Amino acid sequence: MAMSFKKPFRAVPVRLSPAYLARQRRDARMTLALRLLAVLAVGLVAALSLHWFRSEPAAPPPPEPVIVEARIGTPEPVVRERPMSAAELDAQQPSAGGGHATVPVEGGIVRNQATATVFRDCRAAWAAGAAPIYRGQPGYDVSMDGDLDGIACEPVRR
């Protein structure tokens with residue numbers, strides 16, 4: 001049998017000097033401080049770049065509203081008269097002879113010698129059998145055209 005002359009290895013604990021331990025602690029604190037500073041710097045750069053890229057140019061502030069003081073009086077009531085029909089307007093016009101012309105009225109139909117037949121209202125036009133009256137036809141009047149579509153005295157759709 002062969003003999004071995006190797007001795008088993010036994011490590012002897014090494015006692016570190018206090019100066020060496022103090023330098024290791026100082027280096028560890030310095031490394032930690034540098035790492036924190038680097039993280040803060042990276043965060044600051046990222047925040048500023050995001051703000052710079054996302055922000056739009058500052059718009060000028062809107063102008064302040066101008067306040068104008070005005071005296072407000074009580075409004076006068078508006079008196080609305082019913083619109084005059086063509087027959088009433090024709091009756092107000094002077095005739096060719098210089099005086100006022102008298103216009104004969106027969107059952108709601110106003111007959112004028114100078115113009116064609118004009119109806120006082122839609123009831124008279126329906127009674128005469130002339131309704132509906134289209135724009136351009138004799139007897140058409142805007143006052144009888146309720147929706148101003150060019151058809152006076154049109155039947156009511158239900």
# chains A, B, ... in the order shown; residues from 1 in each chain; ligands from 1
call {"tool": "residues_around", "arguments": {"residues": "Arg123 (chain A)", "least_positions_apart": "2", "cutoff": "12 Å", "atoms": "only C-alpha atoms", "output": "list in words"}}
result
Gly107, Gly108, Ile109, Phe119, Arg120, Asp121, Ala125, Trp126, Ala127, Ala128, Gly129, Ala130, Ala131, Pro132, Met144, Ala152, Cys153, Glu154 and Pro155 of chain A
call {"tool": "atom_distance", "arguments": {"atom1": "CA of Glu88 (chain A)", "atom2": "CA of Arg135 (chain A)"}}
result
19.0 Å
call {"tool": "atom_distance", "arguments": {"atom1": "CA of Ile133 (chain A)", "atom2": "CA of Ala87 (chain A)"}}
result
15.6 Å
